[in-house]
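Remarks on the structure that follows.
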There are 4 protein chains.
Amino acid sequence: MAGSTFGRHFTIQTWGESHGKAIGVVIDGCPAGLPLCEEDIQKQLDRRKPGQSKFATPRREADQVEILSGVFEGKTTGTPISLLVQNTSQRSHDYSEISTYYRPGHADFTFDEKYGFRDYRGGGRSSGRETIGRAAAGAVAKKILKQLGIDVMAYTKSIGPISIDMDHFDKAAITETPTGMPDLEAAKKAEAYLEACMKETDSAGGVVECTVVGCPAGIGEPVFDKLDAVLGKAVLSIGAVKAFEIGDGCSVARSKGSENNDAFRVKDGSVTKETNHAGGILGGISDGSPIILRAYIKPTPSIHRTQQTVNKAGQEISVNIKGRHDPIIVPRAVVVVESMTAIALLDLLLENMKSKMDYLERIYLA
Amino acid sequence: MAGSTFGRHFTIQTWGESHGKAIGVVIDGCPAGLPLCEEDIQKQLDRRKPGQSKFATPRREADQVEILSGVFEGKTTGTPISLLVQNTSQRSHDYSEISTYYRPGHADFTFDEKYGFRDYRGGGRSSGRETIGRAAAGAVAKKILKQLGIDVMAYTKSIGPISIDMDHFDKAAITETPTGMPDLEAAKKAEAYLEACMKETDSAGGVVECTVVGCPAGIGEPVFDKLDAVLGKAVLSIGAVKAFEIGDGCSVARSKGSENNDAFRVKDGSVTKETNHAGGILGGISDGSPIILRAYIKPTPSIHRTQQTVNKAGQEISVNIKGRHDPIIVPRAVVVVESMTAIALLDLLLENMKSKMDYLERIYLA
Amino acid sequence: MAGSTFGRHFTIQTWGESHGKAIGVVIDGCPAGLPLCEEDIQKQLDRRKPGQSKFATPRREADQVEILSGVFEGKTTGTPISLLVQNTSQRSHDYSEISTYYRPGHADFTFDEKYGFRDYRGGGRSSGRETIGRAAAGAVAKKILKQLGIDVMAYTKSIGPISIDMDHFDKAAITETPTGMPDLEAAKKAEAYLEACMKETDSAGGVVECTVVGCPAGIGEPVFDKLDAVLGKAVLSIGAVKAFEIGDGCSVARSKGSENNDAFRVKDGSVTKETNHAGGILGGISDGSPIILRAYIKPTPSIHRTQQTVNKAGQEISVNIKGRHDPIIVPRAVVVVESMTAIALLDLLLENMKSKMDYLERIYLA
Amino acid sequence: MAGSTFGRHFTIQTWGESHGKAIGVVIDGCPAGLPLCEEDIQKQLDRRKPGQSKFATPRREADQVEILSGVFEGKTTGTPISLLVQNTSQRSHDYSEISTYYRPGHADFTFDEKYGFRDYRGGGRSSGRETIGRAAAGAVAKKILKQLGIDVMAYTKSIGPISIDMDHFDKAAITETPTGMPDLEAAKKAEAYLEACMKETDSAGGVVECTVVGCPAGIGEPVFDKLDAVLGKAVLSIGAVKAFEIGDGCSVARSKGSENNDAFRVKDGSVTKETNHAGGILGGISDGSPIILRAYIKPTPSIHRTQQTVNKAGQEISVNIKGRHDPIIVPRAVVVVESMTAIALLDLLLENMKSKMDYLERIYLA
């Protein structure tokens with residue numbers, strides 16, 4: 001394996017370059033008997049599609065998913081599900097110039113160092129288009145979780161200096177605003193901020209938050225595969241994410257034990273917590289409270305400004321990268337964070353099925 | 001696997017409970033021919049040993065490591081290295097009370113939910129003693145990295161509100177101060193802060209930073225096993241870590257592209273970067289600059305205060321947990337963050353050996 | 001993972017059903033810099049294509065492979081190689097009858113037991129068409145091995161009671177005879193035997209042998225991933241294989257130590273063995289002699305005879321399965337055994353790159 | 001990983017050399033709640049202990065197992081179970097001579113080639129003592145299987161030319177005869193045969209057969225992790241095994257479809273098979289019939305005869321290896337084959353828990 005596979009049980013393997021013939025994902029380990037059709041997946045894909053707002057590249061890709069295997073008579077068969085999206089507009093560009101130097105903030109230099117050369121067309125394998133496979137597999141994972149009563153929801157928490165106000169949380173706004181912000185007022189301010197960035201030929205970063213409601217207690221393995229560690233890897237594997245938080249995150253470092261501990265309580269006969277500083281995870285295992293995580297995303301590295309860099313001949317040069325660039329990655333990353341969270345959580349739910357003899361007996365002695 | 005294994009190539013498997021007979025780690029995949037003796041490992045272990053300062057439990061454990069296999073005539077043989085530490089003082093406590101309720105901020109409740117019951121003595125498997133195995137394996141990983149010219153160094157960056165001043169960086173202070181802070185002035189302030197916490201029967205959190213110098217460009221796999229994602233998982237799998245950052249971390253969310261991009265430069269004939277906002281990683285692959293990461297650690301959950309919780313019978317109760325508790329986890333976590341960083345990085349260095357035909361030919365056609 | 005992935009380093013994941021839209025394989029972990037084009041793969045695929053002789057189903061499939069990713073400007077890029085073959089003739093059959101009962105010797109019953117239902121068209125996932133992905137990936141593995149001086153060659157050793165005579169070994173005959181036998185005389189006899197089988201509406205089994213020449217000593221891991229164990233899994237994972245041998249295989253059980261031991265000798269300054277009862281593997285590790293393995297393959301289960309079976313309603317019934325059936329699996333299995341051998345061996349060659357510090361230094365300190 | 005780990009769910013990692021301080025195994029993934037004590041394991045270990053008959057080395061090892069972790073108040077906790085056996089008699093020998101040359105039929109040469117040097121004392125890691133860990137873990141696997149109604153039983157099928165008569169099958173004789181043969185008459189003949197071998201300073205091979213009764217249909221993954229492939233790898237990873245068969249094994253190659261197909265029948269309302277040529281596996285998935293497998297084991301390579309070999313200086317020499325050697329490996333391998341079968345089967349039972357949505361719902365929606 002060379003890192004294009006995620007998950008031990010619900011295993012996804014993505015493949016494809018930005019400007020190759022197609023891009024796709026193979027899911028191995030999807031339980032049999034899940035109703036599944038192309039629309040189920042297309043809906044999630046459409047949320048990350050380019051060309052949908054003034055803040056996203058107008059690239060004309062249908063990004064239409066095809067199910068090539070693993071589904072029969074409308075249900076998953078338990079065998080690998082191969083999902084494919086054709087790259088329809090891949091020949092529109094001239095990459096001869098970009099192939100000769102290293103764009104700042106991009107993976108051009110590191111790919112060349114690793115492999116000796118690179119597919120330089122549109123970022124090749126390091127392109128954001130790789131996340132199509134993640135979103136497609138995420139749609140399947142989300143559907144399984146839903147059937148088990150678990151909801152995963154991501155949204156834009158902040159863009160540059162503009163943050164949402166949780167008291168004004170408006171779920172519908174996540175998909176209705178171009179920013180993915182569930183707060184119409186903050187969304188408006190963020191749009192103004194982004195327009196200013198674009199005028200200054202600059203770009204902005206932001207924060208995606210994701211919550212999971214309905215996850216039973218007991219999910220996550222106690223040592224290296226802690227729920228937070230696995231979620232962390234899932235989210236940090238998304239390009240441009242530079243920090244990851246669970247619950248109170250960074251702020252715990254300045255907190256005191258008396259403030260940070262969540263008191264246990266009993267509610268409707270169940271153990272619950274008075275507060276949720278822990279973000280739903282104790283000792284790496286879900287505690288039944290909502291799981292809360294955040295991804296901090298850097299500003300788009302491609303900007304319309306003259307930048308200092310180096311070419312393949314080892315000379316220092318000034319470049320101004322052509323083409324239209326998204327002023328922000330965050331809104332399109334929302335569905336990817338949500339997808340990776342769903343995939344990682346499902347993987348640990350499957351892992352947990354072997355945690356006690358009682359579960360084995362429910363299946364094999366029933 | 002149920003999560004006690006880390007790494008695909010340099011694979012470590014830790015085992016053991018706080019109050020079992022012993023605790024240990026098995027390393028599979030250590031290359032043959034590395035000079036290795038017990039002292040090499042003991043030095044790293046001694047850095048996390050309890051009873052060394054007023055801020056750490058005075059538990060009297062020798063924590064003496066034994067090499068049981070995998071080393072012959074002073075060198076690693078390429079076969080599994082089994083490392084064992086006896087638990088010598090494990091019967092000193094009465095855990096009958098603690099076994100009946102769930103300590104706030106601990107994994108008692110989640111272990112019971114997952115497994116149906118738990119080894120309640122000293123936290124069982126969720127005890128900090130599990131990290132002995134990580135530190136022991138980390139010593140081996142660090143030795144291999146050193147031989148390849150790569151240095152990994154962690155230290156305390158902040159405790160509560162007190163942060164080090166990088167301009168006063170003093171490497172020796174890392175092991176000489178009880179806080180692990182490489183800045184004597186900040187260390188003194190942090191000690192005063194911790195003493196105040198102890199007086200108030202409270203505890204503090206903090207930040208561990210880790211830097212890697214000498215890592216070649218090209219390490220890390222482009223998609224799910226990005227260097228930052230693998231380091232993130234490694235560090236987030238350490239108990240009490242609630243956030244993880246690479247390079248500028250969270251602050252990128254408020255930065256602009258023009259500020260956050262690192263310009264490439266040529267220095268002494270090599271490609272380098274003018275700044276290092278990226279923390280040494282571009283597109284998930286090392287770029288040759290120092291790798292910089294941070295772990296945000298919560299305050300010790302065990303405090304000498306009356307806390308609200310729930311017992312196994314499902315009743316709300318008030319508890320005041322007996323025993324002496326460390327007022328802070330951070331100083332003892334330094335060596336664990338350093339160890340996990342070394343292990344994760346080494347694993348990806350081994351993975352990278354297969355990245356190009358040129359490397360296969362260097363080994364098989366030499 | 002649910003078993004559609006093979007290999008830890010050169011990892012192949014096959015997907016697709018006999019009568020789905022397409023069938024394919026994704027290779028992750030192919031080193032960068034290998035020259036690769038569709039013809040390289042097509043040649044290997046053509047060897048297993050149906051409709052090529054009187055002993056193989058006349059199904060009209062072009063089985064044309066497409067490279068969808070991982071190759072740029074004629075060379076592998078180090079990222080996943082997605083290979084796809086369209087299923088062009090998949091709607092030619094009526095499977096309504098077959099869907100209601102369990103064919104003897106097939107996986108119909110076991111799939112239903114495992115998943116609750118099955119894709120019954122042409123065997124679904126358990127169809128021999130799944131091996132297209134193996135053969136395609138095998139072509140890539142063979143090309144890498146070739147570049148390292150290693151040759152993998154499989155052929156039909158016997159069909160029913162007819163065996164080749166090693167003294168008449170004729171390599172060209174492997175691809176020129178419809179049986180895959182490298183002995184024209186034996187091939188003729190085998191053809192006559194198969195024609196007799198067909199007349200009797202019966203089917204035959206046989207043996208595929210595979211040899212590897214040029215493999216360096218030292219490949220294979222000493223305990224669970226012994227070279228013979230990994231080759232055994234690779235070959236036993238091919239449908240219809242019921243036994244696997246290395247070197248002298250079963251006959252060692254009747255041999256004595258004095259007969260079975262291979263004396264070491266020195267030849268041209270290198271250590272070699274006087275005999276090769278061991279089949280090139282000692283203690284699970286290659287010893288530099290040719291590796292020799294055999295797969296024993298059962299007769300095609302589909303025969304034009306009335307057979308006793310059970311339907312989904314749990315009733316005993318008599319059936320006579322319609323359609324034209326191959327009288328033997330062996331000739332088309334040759335390329336699959338060869339492919340799986342190449343893939344398994346390459347995987348362990350990559351694993352072995354981490355076996356000693358010397359190798360790490362050759363790559364990172366060069 | 002470098003091959004000392006087996007299994008994805010019930011994962012065992014063995015470590016230790018013949019003459020190191022100790023030898024052991026860590027089991028990760030044992031479900032919580034299984035009653036387990038040292039005697040449960042010791043019983044299985046005692047079956048492979050040396051010094052028990054005239055056909056086994058009189059090495060005086062107590063081989064007493066210690067449970068170091070993962071069991072609390074008599075039950076498994078779900079966390080890693082570390083099992084250790086001290087090597088008590090490891091300093092009794094002088095290995096200075098053996099260190100200088102390569103014993104025929106042993107792994108001395110291949111270890112040197114792989115790692116550059118080897119632990120030459122008693123075979124180091126390639127010693128039969130490595131199987132202590134397998135037998136110990138096998139005892140745990142067998143106990144879990146037993147609780148699910150599944151019985152695994154191995155025995156000696158043949159020694160040299162002497163085979164058991166299945167009509168005289170006598171289960172008690174497996175542990176009561178020094179040969180492990182469940183047929184007292186054949187056992188006597190085999191003993192005479194072995195005594196003759198010993199007089200001629202020669203050694204013998206043989207066959208171990210293993211049957212599994214009570215395994216539900218549906219176990220095994222359809223493509224690469226077929227039940228037969230995984231069992232094959234498990235058994236072929238045992239030193240000295242040179243061939244592996246399922247059901248009718250090698251003989252299928254000469255059989256016809258009309259003979260080899262097993263007709264399905266209905267018995268007591270369940271689907272069953274009239275015959276069991278398939279050995280309980282169809283399409284890589286268990287069919288509910290007994291699983292039958294065989295391991296073909298080579299004669300002990302160490303014999304008291306002058307043999308031709310090569311020393312480390314590359315010179316051809318004659319050697320006569322000192323010490324007392326077992327004339328046969330087979331009887332002590334019986335428990336190892338049984339253990340590996342149990343471990344492999346349990347691993348796939350755990351894998352199968354994720355095969356359908358129905359199972360997920362039984363655990364998460366109950």
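Residues are referred to by chain and number: the chain letter is A, B, ... according to the order shown in the structure tokens, the number counts from 1 in that chain, and ligands are numbered separately from 1 in the order shown.
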
Identify all residues of stretch 89-318 of chain C in helix (DSSP H, G or I) (DSSP on the backbone) and supply them as number ranges by chain.
C: 98-100, 108-115, 121-126, 128-147, 166-168, 173-176, 184-199, 227-236, 249-254, 257-260

Just write the chosen residues, C-alpha atoms, as an mmCIF file, in the first residue's frame.
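The result, stored in selection.cif:
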data_model
loop_
_atom_site.group_PDB
_atom_site.id
_atom_site.type_symbol
_atom_site.label_atom_id
_atom_site.label_comp_id
_atom_site.auth_asym_id
_atom_site.auth_seq_id
_atom_site.Cartn_x
_atom_site.Cartn_y
_atom_site.Cartn_z
ATOM 1 C CA ILE C 98 -30.150 -20.526 -12.099
ATOM 2 C CA SER C 99 -31.142 -17.898 -9.559
ATOM 3 C CA THR C 100 -33.486 -20.322 -7.845
ATOM 4 C CA ASP C 108 -24.100 -20.158 -5.062
ATOM 5 C CA PHE C 109 -25.080 -21.695 -1.731
ATOM 6 C CA THR C 110 -22.196 -20.220 0.259
ATOM 7 C CA PHE C 111 -22.746 -16.683 -1.100
ATOM 8 C CA ASP C 112 -26.405 -16.871 -0.138
ATOM 9 C CA GLU C 113 -25.462 -18.071 3.334
ATOM 10 C CA LYS C 114 -22.912 -15.320 3.774
ATOM 11 C CA TYR C 115 -24.695 -12.315 2.344
ATOM 12 C CA ARG C 121 -25.664 -13.650 -13.231
ATOM 13 C CA GLY C 122 -22.741 -15.757 -14.446
ATOM 14 C CA GLY C 123 -21.467 -16.441 -10.950
ATOM 15 C CA GLY C 124 -21.317 -12.759 -10.000
ATOM 16 C CA ARG C 125 -18.204 -12.059 -7.992
ATOM 17 C CA SER C 126 -17.173 -15.739 -7.868
ATOM 18 C CA GLY C 128 -13.588 -16.632 -13.291
ATOM 19 C CA ARG C 129 -13.805 -13.152 -14.794
ATOM 20 C CA GLU C 130 -12.582 -11.794 -11.454
ATOM 21 C CA THR C 131 -9.146 -13.090 -12.452
ATOM 22 C CA ILE C 132 -8.904 -10.462 -15.204
ATOM 23 C CA GLY C 133 -7.791 -8.038 -12.526
ATOM 24 C CA ARG C 134 -5.216 -10.512 -11.246
ATOM 25 C CA ALA C 135 -3.779 -11.090 -14.711
ATOM 26 C CA ALA C 136 -3.639 -7.348 -15.403
ATOM 27 C CA ALA C 137 -1.834 -6.603 -12.150
ATOM 28 C CA GLY C 138 0.345 -9.653 -12.719
ATOM 29 C CA ALA C 139 1.553 -8.173 -15.999
ATOM 30 C CA VAL C 140 2.778 -5.096 -14.121
ATOM 31 C CA ALA C 141 4.425 -7.183 -11.407
ATOM 32 C CA LYS C 142 6.133 -9.367 -14.003
ATOM 33 C CA LYS C 143 7.498 -6.300 -15.763
ATOM 34 C CA ILE C 144 9.043 -4.986 -12.544
ATOM 35 C CA LEU C 145 10.510 -8.397 -11.718
ATOM 36 C CA LYS C 146 11.936 -8.674 -15.223
ATOM 37 C CA GLN C 147 13.696 -5.369 -14.735
ATOM 38 C CA MET C 166 10.335 -32.444 -18.326
ATOM 39 C CA ASP C 167 12.947 -33.799 -20.722
ATOM 40 C CA HIS C 168 10.780 -32.640 -23.618
ATOM 41 C CA ALA C 173 4.357 -24.646 -26.549
ATOM 42 C CA ILE C 174 2.963 -22.997 -23.387
ATOM 43 C CA THR C 175 1.254 -20.319 -25.433
ATOM 44 C CA GLU C 176 0.933 -22.265 -28.656
ATOM 45 C CA LEU C 184 3.856 -31.158 -27.716
ATOM 46 C CA GLU C 185 3.423 -34.911 -27.343
ATOM 47 C CA ALA C 186 1.767 -34.717 -23.948
ATOM 48 C CA ALA C 187 -0.320 -31.813 -25.226
ATOM 49 C CA LYS C 188 -1.714 -33.950 -28.021
ATOM 50 C CA LYS C 189 -2.636 -36.729 -25.609
ATOM 51 C CA ALA C 190 -4.242 -34.237 -23.272
ATOM 52 C CA GLU C 191 -6.331 -32.822 -26.114
ATOM 53 C CA ALA C 192 -7.575 -36.285 -26.949
ATOM 54 C CA TYR C 193 -8.384 -36.853 -23.274
ATOM 55 C CA LEU C 194 -10.339 -33.615 -23.103
ATOM 56 C CA GLU C 195 -12.279 -34.425 -26.246
ATOM 57 C CA ALA C 196 -13.258 -37.715 -24.687
ATOM 58 C CA CYS C 197 -14.372 -35.876 -21.545
ATOM 59 C CA MET C 198 -16.508 -33.529 -23.639
ATOM 60 C CA LYS C 199 -18.164 -36.439 -25.393
ATOM 61 C CA LEU C 227 7.735 -16.992 1.062
ATOM 62 C CA ASP C 228 6.013 -20.369 0.723
ATOM 63 C CA ALA C 229 3.105 -19.299 2.932
ATOM 64 C CA VAL C 230 2.536 -16.089 0.978
ATOM 65 C CA LEU C 231 2.823 -17.881 -2.378
ATOM 66 C CA GLY C 232 0.478 -20.539 -1.014
ATOM 67 C CA LYS C 233 -2.150 -17.983 -0.071
ATOM 68 C CA ALA C 234 -1.779 -16.256 -3.429
ATOM 69 C CA VAL C 235 -2.306 -19.469 -5.365
ATOM 70 C CA LEU C 236 -4.946 -21.043 -3.092
ATOM 71 C CA GLY C 249 5.664 -31.049 -2.075
ATOM 72 C CA CYS C 250 3.572 -33.970 -0.832
ATOM 73 C CA SER C 251 6.293 -36.488 -1.524
ATOM 74 C CA VAL C 252 8.474 -35.155 1.320
ATOM 75 C CA ALA C 253 6.135 -36.929 3.722
ATOM 76 C CA ARG C 254 7.490 -40.292 2.532
ATOM 77 C CA GLY C 257 16.148 -36.726 5.793
ATOM 78 C CA SER C 258 19.144 -38.194 4.012
ATOM 79 C CA GLU C 259 17.217 -38.037 0.728
ATOM 80 C CA ASN C 260 15.403 -34.746 1.214
#

What lies within 8 Å of B:Asp358 using only C-alpha atoms, ignoring chain neighbours under 3 positions off, as a ChimeraX atom specification?
/B:361-362 /C:33

Preceding selection exported with N, CA, C and O atoms as a PDB file, in the first residue's frame:
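Okay, result19.pdb is ready:
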ATOM      1  N   GLU B 361      16.338  -0.747  -7.687  1.00  0.00           N
ATOM      2  CA  GLU B 361      17.559  -1.120  -8.410  1.00  0.00           C
ATOM      3  C   GLU B 361      18.796  -0.940  -7.544  1.00  0.00           C
ATOM      4  O   GLU B 361      19.735  -1.726  -7.635  1.00  0.00           O
ATOM      5  N   ARG B 362      18.780   0.082  -6.670  1.00  0.00           N
ATOM      6  CA  ARG B 362      19.939   0.286  -5.790  1.00  0.00           C
ATOM      7  C   ARG B 362      20.133  -0.917  -4.872  1.00  0.00           C
ATOM      8  O   ARG B 362      21.243  -1.207  -4.445  1.00  0.00           O
TER       9      ARG B 362
ATOM     10  N   GLY C  33       8.323   5.337 -12.165  1.00  0.00           N
ATOM     11  CA  GLY C  33       9.419   5.270 -13.121  1.00  0.00           C
ATOM     12  C   GLY C  33       9.466   4.006 -13.956  1.00  0.00           C
ATOM     13  O   GLY C  33      10.415   3.817 -14.723  1.00  0.00           O
TER      14      GLY C  33
END

Select residues of chain C: the criterion is any atom within 6 Å of an atom of chain D, counting only C-alpha atoms; output as an MDAnalysis selection string.
chainID C and resid 3:4 104:105 107 110 113:115 160:161 202:206 218 221 223:226 229 232:233 236:237 242:246 249:250 252:254 256:257 261:264 282:283 285 287 296:301 308:310 356

State, in Å with one decimal place, the distance from atom CA of B:Thr177 to atom CA of B:Ser18.
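Calculated distance between atom CA of B:Thr177 and atom CA of B:Ser18 is 26.4 Å.
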
Mind pulling up the distance from atom CA of C:Thr341 to atom CA of C:Ile67?
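Atom CA of C:Ile67 sits 22.4 Å away from atom CA of C:Thr341.
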
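Of the listed residues C:Cys37, C:Leu346, C:Cys210, C:Ile23, the one whose atoms come nearest to A:Ser69 is C:Ile23, with distances taken using only C-alpha atoms.
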
Mind giving me the straight-line distance from atom CA of A:Ala56 to atom CA of A:Val152 in Å, one decimal?
24.2 Å
